[in-house]
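**Q** Pasting my_file.cif below, which is mmCIF, C-alpha atoms.
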```cif
data_coords
loop_
_atom_site.label_atom_id
_atom_site.label_comp_id
_atom_site.auth_asym_id
_atom_site.auth_seq_id
_atom_site.Cartn_x
_atom_site.Cartn_y
_atom_site.Cartn_z
CA MET A 1 4.34 26.53 0.23
CA LYS A 2 1.82 25.25 2.74
CA VAL A 3 0.07 21.97 2.05
CA ALA A 4 -2.75 20.33 4.00
CA TYR A 5 -1.30 17.18 5.48
CA TYR A 6 -3.03 13.92 6.40
CA PRO A 7 -0.92 11.80 8.78
CA GLY A 8 -2.98 8.63 9.21
CA CYS A 9 -2.90 6.34 12.24
CA THR A 10 0.52 4.76 12.02
CA LEU A 11 2.56 7.93 11.43
CA LYS A 12 1.57 9.01 14.94
CA THR A 13 2.69 5.76 16.53
CA ALA A 14 4.94 3.04 15.11
CA ALA A 15 6.05 5.22 12.19
CA ALA A 16 6.59 8.51 14.04
CA ASN A 17 10.07 8.50 12.45
CA PHE A 18 8.44 8.87 9.03
CA GLU A 19 6.56 11.97 10.13
CA THR A 20 9.27 13.72 12.17
CA SER A 21 11.83 13.33 9.38
CA ALA A 22 9.34 14.41 6.70
CA VAL A 23 8.14 17.54 8.47
CA ALA A 24 11.71 18.68 9.16
CA GLY A 25 13.19 17.63 5.82
CA LEU A 26 10.42 19.07 3.64
CA GLU A 27 10.52 22.33 5.58
CA ARG A 28 14.12 22.81 4.43
CA LEU A 29 12.80 22.69 0.87
CA GLY A 30 10.07 25.20 1.56
CA ILE A 31 7.21 22.75 2.00
CA GLU A 32 5.25 23.26 5.19
CA LEU A 33 2.97 20.39 6.17
CA GLU A 34 -0.16 21.64 7.94
CA GLU A 35 -1.91 18.82 9.73
CA LEU A 36 -5.65 18.56 9.06
CA PRO A 37 -7.78 19.08 12.14
CA ARG A 38 -10.29 16.34 13.00
CA TRP A 39 -8.88 13.86 10.50
CA ASN A 40 -10.18 10.30 10.82
CA CYS A 41 -8.81 6.93 9.80
CA CYS A 42 -8.75 6.71 6.02
CA GLY A 43 -10.27 3.24 6.14
CA THR A 44 -7.37 1.54 4.39
CA VAL A 45 -7.42 -0.61 2.32
CA TYR A 46 -9.52 0.89 -0.50
CA SER A 47 -12.73 -1.10 -0.85
CA LEU A 48 -12.73 -3.01 -4.14
CA ALA A 49 -16.43 -3.88 -4.04
CA SER A 50 -18.37 -1.85 -6.61
CA ASP A 51 -21.49 -1.54 -4.46
CA ASP A 52 -19.77 -0.64 -1.22
CA LEU A 53 -20.39 3.01 -0.38
CA ILE A 54 -20.15 2.72 3.39
CA HIS A 55 -16.39 2.12 3.30
CA GLN A 56 -15.93 5.20 1.14
CA LEU A 57 -17.24 7.48 3.88
CA ALA A 58 -13.98 7.54 5.83
CA PRO A 59 -11.71 8.76 3.02
CA ILE A 60 -14.22 11.25 1.62
CA ARG A 61 -14.86 12.71 5.06
CA ASN A 62 -11.17 13.58 5.23
CA LEU A 63 -11.47 15.41 1.92
CA ILE A 64 -14.36 17.41 3.37
CA ARG A 65 -11.97 18.42 6.17
CA VAL A 66 -9.56 19.71 3.51
CA LYS A 67 -12.28 21.89 1.97
CA GLU A 68 -13.20 23.17 5.45
CA GLN A 69 -9.62 24.46 5.70
CA ASN A 70 -10.15 26.31 2.40
CA CYS A 71 -7.53 24.09 0.76
CA ASP A 72 -7.82 22.16 -2.46
CA ARG A 73 -4.74 19.96 -2.13
CA LEU A 74 -3.93 17.24 0.34
CA THR A 75 -0.68 15.43 0.86
CA THR A 76 0.00 12.25 2.80
CA LEU A 77 3.15 10.21 3.39
CA CYS A 78 1.78 6.74 4.05
CA ALA A 79 1.46 4.92 0.75
CA MET A 80 -1.67 3.10 1.88
CA CYS A 81 -3.45 6.30 2.93
CA TYR A 82 -2.35 7.94 -0.31
CA ASN A 83 -3.80 5.08 -2.32
CA THR A 84 -7.08 4.92 -0.40
CA LEU A 85 -7.69 8.68 -0.44
CA LYS A 86 -6.72 9.11 -4.07
CA ARG A 87 -8.68 6.10 -5.33
CA SER A 88 -11.75 7.07 -3.38
CA ASN A 89 -11.52 10.61 -4.73
CA PHE A 90 -11.08 9.33 -8.28
CA ARG A 91 -14.03 6.97 -7.95
CA PHE A 92 -16.45 9.72 -7.00
CA GLN A 93 -15.06 12.13 -9.56
CA GLN A 94 -16.14 9.53 -12.15
CA ASP A 95 -19.53 8.87 -10.56
CA PRO A 96 -21.40 12.02 -9.48
CA GLU A 97 -24.57 10.04 -8.76
CA SER A 98 -23.06 7.97 -5.96
CA LEU A 99 -21.24 11.07 -4.68
CA GLU A 100 -24.66 12.63 -4.22
CA THR A 101 -25.78 9.56 -2.26
CA LEU A 102 -22.69 9.84 -0.08
CA ASN A 103 -23.25 13.55 0.56
CA ARG A 104 -26.88 12.94 1.47
CA PHE A 105 -25.77 10.29 3.94
CA MET A 106 -23.26 12.69 5.50
CA TYR A 107 -25.92 15.36 5.93
CA LEU A 108 -24.47 16.42 9.28
CA GLU A 109 -21.28 17.68 7.62
CA ASN A 110 -20.86 21.43 7.02
CA LEU A 111 -20.43 21.08 3.29
CA GLU A 112 -20.99 18.66 0.43
CA TYR A 113 -17.94 17.19 -1.24
CA GLN A 114 -17.67 18.12 -4.92
CA GLY A 115 -14.68 16.01 -5.94
CA ASP A 116 -12.42 19.04 -6.15
CA VAL A 117 -9.51 18.11 -3.87
CA GLU A 118 -6.24 16.92 -5.37
CA VAL A 119 -4.44 14.17 -3.43
CA LEU A 120 -0.67 14.28 -3.82
CA HIS A 121 2.28 12.41 -2.42
CA PRO A 122 5.36 14.36 -1.26
CA LEU A 123 7.42 12.49 -3.88
CA GLU A 124 5.24 14.19 -6.51
CA LEU A 125 5.79 17.58 -4.86
CA LEU A 126 9.54 16.96 -4.80
CA ARG A 127 9.64 15.83 -8.42
CA ASP A 128 7.13 18.20 -10.04
CA GLU A 129 7.15 21.36 -7.94
CA ILE A 130 10.57 21.63 -6.36
CA GLY A 131 12.54 19.65 -8.92
CA PHE A 132 15.52 17.38 -8.27
CA ALA A 133 18.06 19.90 -9.53
CA LYS A 134 16.96 22.37 -6.86
CA ILE A 135 16.94 19.67 -4.20
CA SER A 136 20.48 18.74 -5.17
CA LYS A 137 21.60 22.34 -4.66
CA ARG A 138 20.03 22.42 -1.21
CA VAL A 139 21.89 19.31 -0.04
CA VAL A 140 24.05 20.17 2.97
CA ARG A 141 25.27 16.67 3.81
CA PRO A 142 25.59 14.59 0.61
CA LEU A 143 24.92 10.93 1.30
CA ASN A 144 28.43 9.85 0.25
CA GLY A 145 27.36 7.23 -2.29
CA LEU A 146 25.26 5.28 0.21
CA LYS A 147 23.91 2.32 -1.78
CA VAL A 148 20.15 2.55 -1.48
CA ALA A 149 17.67 0.06 -2.91
CA ASN A 150 14.39 1.91 -3.30
CA TYR A 151 11.40 -0.25 -2.56
CA TYR A 152 8.11 1.10 -3.89
CA GLY A 153 5.74 -1.67 -2.84
CA CYS A 154 2.22 -1.54 -4.29
CA MET A 155 0.22 1.41 -3.19
CA LEU A 156 2.24 4.27 -4.64
CA ILE A 157 2.15 2.96 -8.18
CA ARG A 158 -0.94 0.74 -8.61
CA PRO A 159 -3.52 1.02 -10.12
CA HIS A 160 -2.19 2.92 -13.08
CA GLU A 161 -4.83 5.64 -12.98
CA ILE A 162 -3.73 6.96 -9.60
CA GLY A 163 -0.10 5.83 -9.44
CA LEU A 164 2.56 8.50 -9.10
CA ASP A 165 4.91 6.72 -11.50
CA ASP A 166 5.09 3.77 -13.89
CA PRO A 167 3.77 0.61 -12.19
CA GLU A 168 6.40 -1.69 -13.68
CA ASN A 169 9.47 0.52 -13.62
CA PRO A 170 9.04 3.59 -11.41
CA VAL A 171 12.06 5.88 -11.10
CA VAL A 172 11.09 8.80 -8.87
CA MET A 173 12.72 7.42 -5.71
CA GLU A 174 15.92 6.64 -7.64
CA GLN A 175 15.98 10.21 -8.94
CA LEU A 176 15.62 11.53 -5.40
CA THR A 177 18.33 9.19 -4.15
CA GLU A 178 20.74 10.53 -6.76
CA ALA A 179 19.84 14.13 -5.99
CA LEU A 180 20.73 13.49 -2.34
CA GLY A 181 24.18 12.17 -3.24
CA ALA A 182 23.46 8.51 -2.62
CA GLU A 183 23.74 5.73 -5.18
CA PRO A 184 20.43 4.13 -6.18
CA VAL A 185 20.57 0.37 -6.61
CA ASP A 186 17.93 -0.90 -9.00
CA PHE A 187 16.68 -4.42 -8.34
CA PRO A 188 13.94 -6.66 -9.79
CA PHE A 189 11.67 -6.78 -6.73
CA LYS A 190 11.18 -3.08 -6.13
CA THR A 191 7.47 -3.24 -6.97
CA GLU A 192 6.77 -6.70 -5.58
CA CYS A 193 4.19 -6.73 -2.79
CA CYS A 194 5.59 -7.33 0.72
CA GLY A 195 2.41 -9.11 1.80
CA ALA A 196 0.92 -6.04 3.51
CA TYR A 197 -1.81 -6.82 6.05
CA GLN A 198 -1.24 -10.57 5.68
CA THR A 199 1.46 -9.99 8.30
CA VAL A 200 -1.23 -10.40 10.97
CA GLU A 201 -2.14 -14.05 10.26
CA GLU A 202 -0.07 -15.29 7.31
CA VAL A 203 3.38 -14.53 8.68
CA ALA A 204 5.03 -17.25 6.56
CA LEU A 205 3.88 -15.48 3.41
CA VAL A 206 5.37 -12.16 4.52
CA VAL A 207 8.62 -13.83 5.62
CA SER A 208 8.94 -15.46 2.19
CA ARG A 209 8.25 -12.14 0.41
CA ALA A 210 10.64 -10.18 2.64
CA TYR A 211 13.40 -12.73 2.14
CA GLN A 212 13.07 -12.56 -1.65
CA ILE A 213 12.90 -8.75 -1.75
CA LEU A 214 15.76 -8.12 0.68
CA THR A 215 18.17 -10.74 -0.66
CA SER A 216 17.57 -9.47 -4.17
CA ALA A 217 18.41 -5.92 -3.09
CA GLN A 218 21.51 -7.20 -1.32
CA SER A 219 22.65 -9.24 -4.33
CA TRP A 220 22.55 -6.03 -6.40
CA GLY A 221 24.81 -4.33 -3.87
CA ALA A 222 22.40 -2.46 -1.61
CA GLU A 223 23.44 -1.59 1.95
CA MET A 224 20.13 0.15 2.78
CA VAL A 225 16.50 -0.16 1.70
CA ALA A 226 14.34 2.99 1.38
CA VAL A 227 10.55 2.79 1.71
CA SER A 228 7.49 5.04 1.78
CA CYS A 229 5.02 2.92 3.70
CA PRO A 230 4.87 1.99 7.40
CA LEU A 231 3.52 -1.45 6.61
CA CYS A 232 6.31 -2.16 4.14
CA ALA A 233 8.74 -0.84 6.76
CA PHE A 234 7.37 -3.28 9.33
CA ASN A 235 7.34 -6.25 6.94
CA LEU A 236 10.82 -5.56 5.63
CA ASP A 237 12.42 -4.45 8.92
CA GLN A 238 10.78 -6.03 11.99
CA ARG A 239 9.99 -9.24 10.16
CA GLN A 240 13.73 -9.74 9.51
CA ARG A 241 13.75 -11.53 12.86
CA GLU A 242 11.50 -14.25 11.43
CA VAL A 243 13.46 -14.23 8.16
CA LYS A 244 16.67 -14.85 10.10
CA ARG A 245 15.04 -17.79 11.91
CA GLU A 246 13.96 -19.34 8.60
CA HIS A 247 17.18 -18.58 6.72
CA VAL A 248 20.16 -18.82 9.02
CA GLY A 249 22.63 -17.34 6.50
CA PHE A 250 20.53 -14.18 6.02
CA LYS A 251 22.36 -10.94 6.78
CA ARG A 252 20.20 -8.11 8.14
CA ILE A 253 19.90 -4.87 6.17
CA PRO A 254 18.54 -1.58 7.56
CA VAL A 255 15.29 -0.11 6.23
CA MET A 256 14.68 3.65 6.30
CA TYR A 257 12.03 6.02 5.02
CA PHE A 258 13.02 8.18 2.06
CA THR A 259 12.24 11.22 4.24
CA GLN A 260 14.86 10.17 6.80
CA LEU A 261 17.46 10.12 4.01
CA LEU A 262 16.15 13.49 2.85
CA ALA A 263 16.43 14.91 6.38
CA LEU A 264 20.00 13.63 6.70
CA ALA A 265 20.94 15.22 3.37
CA MET A 266 19.37 18.49 4.47
CA GLY A 267 21.82 18.52 7.37
CA LEU A 268 19.32 17.64 10.10
CA GLY A 269 20.33 15.75 13.21
CA GLU A 270 19.43 12.43 14.76
CA GLU A 271 16.57 13.94 16.80
CA VAL A 272 14.31 14.12 13.76
CA LEU A 273 15.25 10.64 12.55
CA ARG A 274 13.87 8.65 15.52
CA LEU A 275 16.20 5.73 14.83
CA ASP A 276 14.95 4.14 18.06
CA LEU A 277 11.88 2.92 16.14
CA HIS A 278 13.92 0.69 13.83
CA ASP A 279 14.42 -2.99 14.45
CA THR A 280 17.48 -3.34 12.22
CA ASP A 281 19.77 -0.56 13.41
CA PRO A 282 20.68 1.80 10.55
CA ARG A 283 23.45 3.46 12.59
CA PRO A 284 26.37 1.16 11.62
CA VAL A 285 25.77 1.66 7.87
CA LEU A 286 25.23 5.41 8.30
CA LYS A 287 28.37 5.74 10.42
CA GLN A 288 30.36 3.80 7.86
CA ARG A 289 29.35 6.37 5.24
CA GLN A 290 30.20 9.16 7.73
CA LEU A 291 26.61 10.37 7.84
CA LEU A 292 26.29 10.21 11.63
CA MET B 1 -12.03 -36.99 -10.20
CA ARG B 2 -15.14 -35.94 -12.05
CA THR B 3 -16.32 -32.35 -12.19
CA ARG B 4 -19.72 -31.57 -13.63
CA ILE B 5 -20.05 -28.40 -15.68
CA SER B 6 -23.46 -27.34 -16.90
CA SER B 7 -25.25 -24.23 -18.06
CA LYS B 8 -27.46 -24.55 -14.96
CA GLU B 9 -24.39 -23.84 -12.78
CA ILE B 10 -23.28 -20.95 -14.95
CA GLU B 11 -26.68 -19.28 -14.78
CA LYS B 12 -26.78 -19.47 -10.99
CA ASP B 13 -27.18 -16.47 -8.77
CA PHE B 14 -23.62 -16.99 -7.49
CA VAL B 15 -22.06 -16.00 -10.82
CA ASN B 16 -24.28 -12.90 -10.98
CA LYS B 17 -23.26 -11.96 -7.46
CA VAL B 18 -19.55 -12.23 -8.23
CA THR B 19 -20.07 -10.18 -11.39
CA GLU B 20 -22.09 -7.53 -9.60
CA ILE B 21 -19.88 -7.05 -6.55
CA SER B 22 -16.67 -7.11 -8.56
CA GLY B 23 -18.07 -5.00 -11.40
CA GLN B 24 -16.17 -7.29 -13.78
CA ASN B 25 -17.35 -9.25 -16.82
CA LEU B 26 -15.91 -12.69 -16.00
CA LEU B 27 -16.18 -13.93 -19.59
CA VAL B 28 -13.65 -11.36 -20.79
CA CYS B 29 -10.85 -13.45 -19.25
CA TYR B 30 -9.25 -15.75 -21.78
CA GLN B 31 -7.02 -17.58 -19.32
CA CYS B 32 -3.67 -16.23 -20.43
CA GLY B 33 -2.29 -16.67 -16.87
CA LYS B 34 -0.45 -13.34 -16.59
CA CYS B 35 -2.23 -12.66 -13.32
CA SER B 36 -1.00 -15.94 -11.84
CA ALA B 37 2.49 -15.38 -13.21
CA GLY B 38 2.76 -12.02 -11.45
CA CYS B 39 0.96 -12.81 -8.21
CA PRO B 40 3.40 -12.71 -5.28
CA SER B 41 1.17 -14.84 -3.04
CA VAL B 42 0.72 -17.93 -5.27
CA SER B 43 2.97 -20.06 -3.07
CA GLU B 44 0.28 -20.02 -0.36
CA MET B 45 -2.73 -20.43 -2.68
CA ASP B 46 -4.53 -23.69 -3.43
CA LEU B 47 -5.95 -22.22 -6.65
CA LEU B 48 -4.14 -19.88 -8.99
CA PRO B 49 -5.79 -16.51 -9.71
CA ASN B 50 -6.62 -17.51 -13.27
CA GLN B 51 -8.14 -20.74 -11.95
CA VAL B 52 -10.26 -18.71 -9.55
CA ILE B 53 -11.69 -16.81 -12.50
CA ARG B 54 -12.25 -20.02 -14.47
CA PHE B 55 -14.13 -21.58 -11.55
CA ALA B 56 -16.18 -18.40 -11.26
CA GLN B 57 -16.96 -18.44 -14.99
CA LEU B 58 -18.19 -22.03 -14.64
CA GLY B 59 -20.26 -21.32 -11.53
CA MET B 60 -18.26 -23.79 -9.39
CA GLU B 61 -19.46 -22.18 -6.17
CA GLU B 62 -18.56 -24.83 -3.57
CA ASP B 63 -15.02 -25.42 -4.83
CA LEU B 64 -14.41 -21.70 -5.09
CA LEU B 65 -15.71 -20.70 -1.69
CA ALA B 66 -13.73 -23.54 -0.10
CA SER B 67 -10.48 -22.23 -1.62
CA ASN B 68 -8.02 -20.17 0.41
CA ALA B 69 -6.78 -18.21 -2.60
CA TYR B 70 -8.89 -15.10 -2.13
CA TRP B 71 -8.11 -14.93 1.60
CA VAL B 72 -4.39 -15.07 0.94
CA CYS B 73 -4.61 -12.35 -1.70
CA ALA B 74 -2.98 -9.15 -0.44
CA SER B 75 -4.77 -6.82 -2.90
CA CYS B 76 -1.44 -5.75 -4.36
CA LEU B 77 -3.08 -5.14 -7.78
CA THR B 78 -0.20 -6.62 -9.77
CA CYS B 79 -2.77 -8.80 -11.55
CA ASN B 80 -4.94 -5.81 -12.45
CA VAL B 81 -2.03 -3.88 -13.86
CA ARG B 82 -0.88 -6.78 -16.05
CA CYS B 83 -4.15 -8.24 -17.37
CA PRO B 84 -4.18 -7.76 -21.14
CA LYS B 85 -7.99 -7.73 -21.21
CA GLY B 86 -8.33 -5.14 -18.46
CA VAL B 87 -10.00 -7.54 -16.04
CA ASN B 88 -9.63 -6.48 -12.41
CA ILE B 89 -8.82 -9.80 -10.78
CA ALA B 90 -8.31 -8.12 -7.40
CA GLU B 91 -11.93 -6.97 -7.53
CA ILE B 92 -13.04 -10.54 -8.20
CA MET B 93 -11.06 -11.69 -5.16
CA GLU B 94 -12.75 -8.96 -3.14
CA ALA B 95 -16.18 -10.11 -4.35
CA LEU B 96 -15.45 -13.65 -3.09
CA ARG B 97 -14.35 -12.30 0.29
CA GLN B 98 -17.47 -10.15 0.48
CA ILE B 99 -19.79 -13.04 -0.41
CA ASN B 100 -18.51 -14.71 2.75
CA LEU B 101 -18.19 -11.67 5.00
CA ARG B 102 -21.61 -10.31 4.14
CA LYS B 103 -23.07 -13.33 5.86
CA ASN B 104 -21.80 -11.51 8.94
CA VAL B 105 -19.17 -14.13 9.69
CA ASP B 106 -15.57 -13.10 10.36
CA HIS B 107 -12.98 -15.09 8.44
CA LEU B 108 -10.34 -14.28 11.04
CA PRO B 109 -12.05 -12.98 14.19
CA MET B 110 -10.53 -10.22 16.27
CA ALA B 111 -10.37 -12.65 19.21
CA ASN B 112 -7.68 -14.61 17.36
CA ILE B 113 -5.32 -11.69 17.69
CA THR B 114 -3.69 -11.82 21.10
CA GLN B 115 -2.96 -8.69 23.12
CA GLU B 116 0.74 -9.37 22.57
CA THR B 117 0.37 -9.53 18.77
CA ARG B 118 -1.75 -6.38 18.78
CA ALA B 119 0.91 -4.48 20.71
CA HIS B 120 3.63 -5.62 18.34
CA LEU B 121 1.90 -4.83 15.05
CA PRO B 122 1.61 -1.37 13.49
CA THR B 123 -1.95 -0.02 13.48
CA ILE B 124 -2.11 -0.10 9.71
CA ALA B 125 -1.58 -3.87 9.62
CA LEU B 126 -4.51 -4.40 11.96
CA VAL B 127 -6.80 -2.02 10.11
CA GLY B 128 -6.03 -3.58 6.72
CA HIS B 129 -6.43 -7.08 8.11
CA LEU B 130 -9.75 -6.31 9.79
CA ARG B 131 -11.07 -4.59 6.66
CA LYS B 132 -10.35 -7.60 4.45
CA HIS B 133 -10.91 -10.51 6.80
CA THR B 134 -13.73 -9.55 9.13
CA ALA B 135 -17.34 -8.53 8.73
#
```
Render the structure in this file as structure tokens.

**A**
Amino acid sequence: MKVAYYPGCTLKTAAANFETSAVAGLERLGIELEELPRWNCCGTVYSLASDDLIHQLAPIRNLIRVKEQNCDRLTTLCAMCYNTLKRSNFRFQQDPESLETLNRFMYLENLEYQGDVEVLHPLELLRDEIGFAKISKRVVRPLNGLKVANYYGCMLIRPHEIGLDDPENPVVMEQLTEALGAEPVDFPFKTECCGAYQTVEEVALVVSRAYQILTSAQSWGAEMVAVSCPLCAFNLDQRQREVKREHVGFKRIPVMYFTQLLALAMGLGEEVLRLDLHDTDPRPVLKQRQLL
Amino acid sequence: MRTRISSKEIEKDFVNKVTEISGQNLLVCYQCGKCSAGCPSVSEMDLLPNQVIRFAQLGMEEDLLASNAYWVCASCLTCNVRCPKGVNIAEIMEALRQINLRKNVDHLPMANITQETRAHLPTIALVGHLRKHTA
């Protein structure tokens, strides 16, 4: 199946490993990601002000691009883009009057947005359209019981009306982990915010969050953390340097995208994984489990 | 320390503004504290989320705007998901940020971010930061 795909800014730069592994891995399961032409920044983070229409232009414009491609579904990997696009869409589906205002403002566009695009995350496609049983059968290189702590962060599961799973106890990533032959490690901080964009100025806050999340995962036996957001990946991986400075006894743990684990299980090679973009090298743990 | 509470403060334009921008009825909050209990950023805040709402209910404009709580908020929405009265605390935090930013003053100007920091951070961190902390 072909699905219109929205990459977002970071998947083309710091998180290229997320994209390359996703495109290759999902293709093995019959999902072809077709990048939207002329996509623009989604304007993350979703504007929480009730009277703010100007910051809704960016996400809705992307949905117009989807309609221009004669598609009615859009998928995106970055949790923050997913949240912004889906929330924005939902907001205007509930409020046709302000959608009309938005369309009138964007009068130079080729069509008016009607609220008829569905925004989906690949985890939803994997769970609801392919199914984990089928994914399991397609596994070429089982992950040999790799102990993976799945970290959801915020944007995939909150608010409840757009979340792809339960906000307090989501399980979709654990189900995928099992299907790939790895061992999911449940831990209490899997939905605890990493600090997100506070990493620019409030580094101490992010360091404190990362330390709590990572040490919790480790105490439950994890040897790897899986994520679905480039900002979470940065805060939990790159920021481990600052964590180590604050907490001398801290032992580093690799952080990978769930699509990289998927690609590995599908038998794909290191070229699609882009392990060069990681700060904490995942290679030792992967080699130990004979996955590389 | 004495704090004066009066109906004059509560009826001020400030309370209306917070209500309007956030789209939330502040009086619905009954101070259960679940938002503060779940907030991952409380360690850096000088006011707890439930205190922020209380101050807003009482029209304590100066104290509230001087707080760092709503700047430290990462919009993670844990508070929203847990509030038993369905109050969107994150929206109230956003309203307080907007009341400042709409005066066209950056809270954390772009100039503060050095070229080195910009090169090191993923784009998404910068975009999110600029959206929430600058005009």

**Q** With only C-alpha atoms as the atoms that count, which of A:Val272, A:Met266, A:Val285, A:Met224 lies nearest to A:Arg138?

**A**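 That would be A:Met266, the residue with the smallest distance to A:Arg138.
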
**Q** Can you sort out the box for stretch 31-38 of chain A, edges along x, y and z, all listed atoms in, 5 Å on every side, with centre and edge lengths in Å to one decimal, as JSON?

**A**
```
{"center_x": -1.5, "center_y": 19.8, "center_z": 7.5, "size_x": 27.5, "size_y": 16.9, "size_z": 21.0}
```

**Q** Quick check, in Å to one decimal: how far apart do atom CA of B:Gly33 and atom CA of B:Asn50 lie?

**A**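 About the pair atom CA of B:Gly33 and atom CA of B:Asn50: they are 5.7 Å apart.
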
**Q** Exactly which residues make up the result of the PyMOL selection byres ((chain B and resi 40) around 12) on this file, given as a short mmCIF file (atom, residue, chain, number, x, y, z; two decimals) with C-alpha atoms, in the coordinates of the input?

**A**
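Saved the output as result_37.cif:
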```
data_model
loop_
_atom_site.label_atom_id
_atom_site.label_comp_id
_atom_site.auth_asym_id
_atom_site.auth_seq_id
_atom_site.Cartn_x
_atom_site.Cartn_y
_atom_site.Cartn_z
CA GLY A 153 5.74 -1.67 -2.84
CA CYS A 154 2.22 -1.54 -4.29
CA PHE A 189 11.67 -6.78 -6.73
CA THR A 191 7.47 -3.24 -6.97
CA GLU A 192 6.77 -6.70 -5.58
CA CYS A 193 4.19 -6.73 -2.79
CA CYS A 194 5.59 -7.33 0.72
CA GLY A 195 2.41 -9.11 1.80
CA ALA A 196 0.92 -6.04 3.51
CA LEU A 205 3.88 -15.48 3.41
CA VAL A 206 5.37 -12.16 4.52
CA SER A 208 8.94 -15.46 2.19
CA ARG A 209 8.25 -12.14 0.41
CA ALA A 210 10.64 -10.18 2.64
CA GLN A 212 13.07 -12.56 -1.65
CA ILE A 213 12.90 -8.75 -1.75
CA LYS B 34 -0.45 -13.34 -16.59
CA CYS B 35 -2.23 -12.66 -13.32
CA SER B 36 -1.00 -15.94 -11.84
CA ALA B 37 2.49 -15.38 -13.21
CA GLY B 38 2.76 -12.02 -11.45
CA CYS B 39 0.96 -12.81 -8.21
CA SER B 41 1.17 -14.84 -3.04
CA VAL B 42 0.72 -17.93 -5.27
CA SER B 43 2.97 -20.06 -3.07
CA GLU B 44 0.28 -20.02 -0.36
CA MET B 45 -2.73 -20.43 -2.68
CA LEU B 48 -4.14 -19.88 -8.99
CA PRO B 49 -5.79 -16.51 -9.71
CA ALA B 69 -6.78 -18.21 -2.60
CA VAL B 72 -4.39 -15.07 0.94
CA CYS B 73 -4.61 -12.35 -1.70
CA ALA B 74 -2.98 -9.15 -0.44
CA SER B 75 -4.77 -6.82 -2.90
CA CYS B 76 -1.44 -5.75 -4.36
CA LEU B 77 -3.08 -5.14 -7.78
CA THR B 78 -0.20 -6.62 -9.77
CA CYS B 79 -2.77 -8.80 -11.55
#
```

**Q** Which polymer residues, whether protein, DNA or RNA, lie within 12 Å of the coordinate (-9.2, 6.4, -5.5) when you count only C-alpha atoms? List them as JSON, numbers by chain, using the chain letters and numbers from the file.

**A** {"A": [42, 44, 45, 46, 47, 48, 56, 59, 60, 63, 80, 81, 82, 83, 84, 85, 86, 87, 88, 89, 90, 91, 92, 93, 94, 95, 115, 117, 118, 119, 120, 155, 156, 158, 159, 160, 161, 162, 163]}

**Q** For a quick test of understanding: name the residues of chain B lying within 7 Å of chain A when counting only C-alpha atoms, and present them as a ChimeraX atom specification.

**A** /B:21-23,40,44,74,76-77,81,91,94-95,122-129,131

**Q** Using C-alpha atoms, can you export the residues from the last selection as an mmCIF file, keeping the file's coordinate frame?

**A**
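Contents of selection14.cif, freshly written:
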```
data_model
loop_
_atom_site.group_PDB
_atom_site.id
_atom_site.type_symbol
_atom_site.label_atom_id
_atom_site.label_comp_id
_atom_site.auth_asym_id
_atom_site.auth_seq_id
_atom_site.Cartn_x
_atom_site.Cartn_y
_atom_site.Cartn_z
ATOM 1 C CA ILE B 21 -19.880 -7.050 -6.550
ATOM 2 C CA SER B 22 -16.670 -7.110 -8.560
ATOM 3 C CA GLY B 23 -18.070 -5.000 -11.400
ATOM 4 C CA PRO B 40 3.400 -12.710 -5.280
ATOM 5 C CA GLU B 44 0.280 -20.020 -0.360
ATOM 6 C CA ALA B 74 -2.980 -9.150 -0.440
ATOM 7 C CA CYS B 76 -1.440 -5.750 -4.360
ATOM 8 C CA LEU B 77 -3.080 -5.140 -7.780
ATOM 9 C CA VAL B 81 -2.030 -3.880 -13.860
ATOM 10 C CA GLU B 91 -11.930 -6.970 -7.530
ATOM 11 C CA GLU B 94 -12.750 -8.960 -3.140
ATOM 12 C CA ALA B 95 -16.180 -10.110 -4.350
ATOM 13 C CA PRO B 122 1.610 -1.370 13.490
ATOM 14 C CA THR B 123 -1.950 -0.020 13.480
ATOM 15 C CA ILE B 124 -2.110 -0.100 9.710
ATOM 16 C CA ALA B 125 -1.580 -3.870 9.620
ATOM 17 C CA LEU B 126 -4.510 -4.400 11.960
ATOM 18 C CA VAL B 127 -6.800 -2.020 10.110
ATOM 19 C CA GLY B 128 -6.030 -3.580 6.720
ATOM 20 C CA HIS B 129 -6.430 -7.080 8.110
ATOM 21 C CA ARG B 131 -11.070 -4.590 6.660
#
```

**Q** What is the distance, in Å and to one decimal place, between atom CA of B:Lys17 and atom CA of B:Gln57?

**A**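 These atoms are spaced 11.8 Å apart.
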
**Q** When you look at B:Glu11 with a cut-off of 12 Å (counting only C-alpha atoms), what residues show up, excluding the ones that are within fewer than 6 positions of it in the same chain? I need them as a list in words.

**A**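 The neighbour list is Ile5, Lys17, Val18, Thr19, Ala56, Gln57, Leu58, Gly59, Met60 and Glu61 of chain B.
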
**Q** How many Å separate atom CA of A:Val225 from atom CA of A:Thr76?

**A**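 One can read the atom CA of A:Val225 to atom CA of A:Thr76 distance as 20.7 Å.
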
**Q** For the structure shown, which residues end up in the PyMOL selection byres ((chain A and resi 113) around 9)? Put them as a short mmCIF file (atom, residue, chain, number, x, y, z; two decimals) with C-alpha atoms, keeping the file's coordinate frame, please?

**A**
```cif
data_model
loop_
_atom_site.label_atom_id
_atom_site.label_comp_id
_atom_site.auth_asym_id
_atom_site.auth_seq_id
_atom_site.Cartn_x
_atom_site.Cartn_y
_atom_site.Cartn_z
CA ILE A 60 -14.22 11.25 1.62
CA ARG A 61 -14.86 12.71 5.06
CA LEU A 63 -11.47 15.41 1.92
CA ILE A 64 -14.36 17.41 3.37
CA LYS A 67 -12.28 21.89 1.97
CA LEU A 99 -21.24 11.07 -4.68
CA GLU A 100 -24.66 12.63 -4.22
CA LEU A 102 -22.69 9.84 -0.08
CA ASN A 103 -23.25 13.55 0.56
CA LEU A 111 -20.43 21.08 3.29
CA GLU A 112 -20.99 18.66 0.43
CA GLN A 114 -17.67 18.12 -4.92
CA GLY A 115 -14.68 16.01 -5.94
CA ASP A 116 -12.42 19.04 -6.15
CA VAL A 117 -9.51 18.11 -3.87
#
```
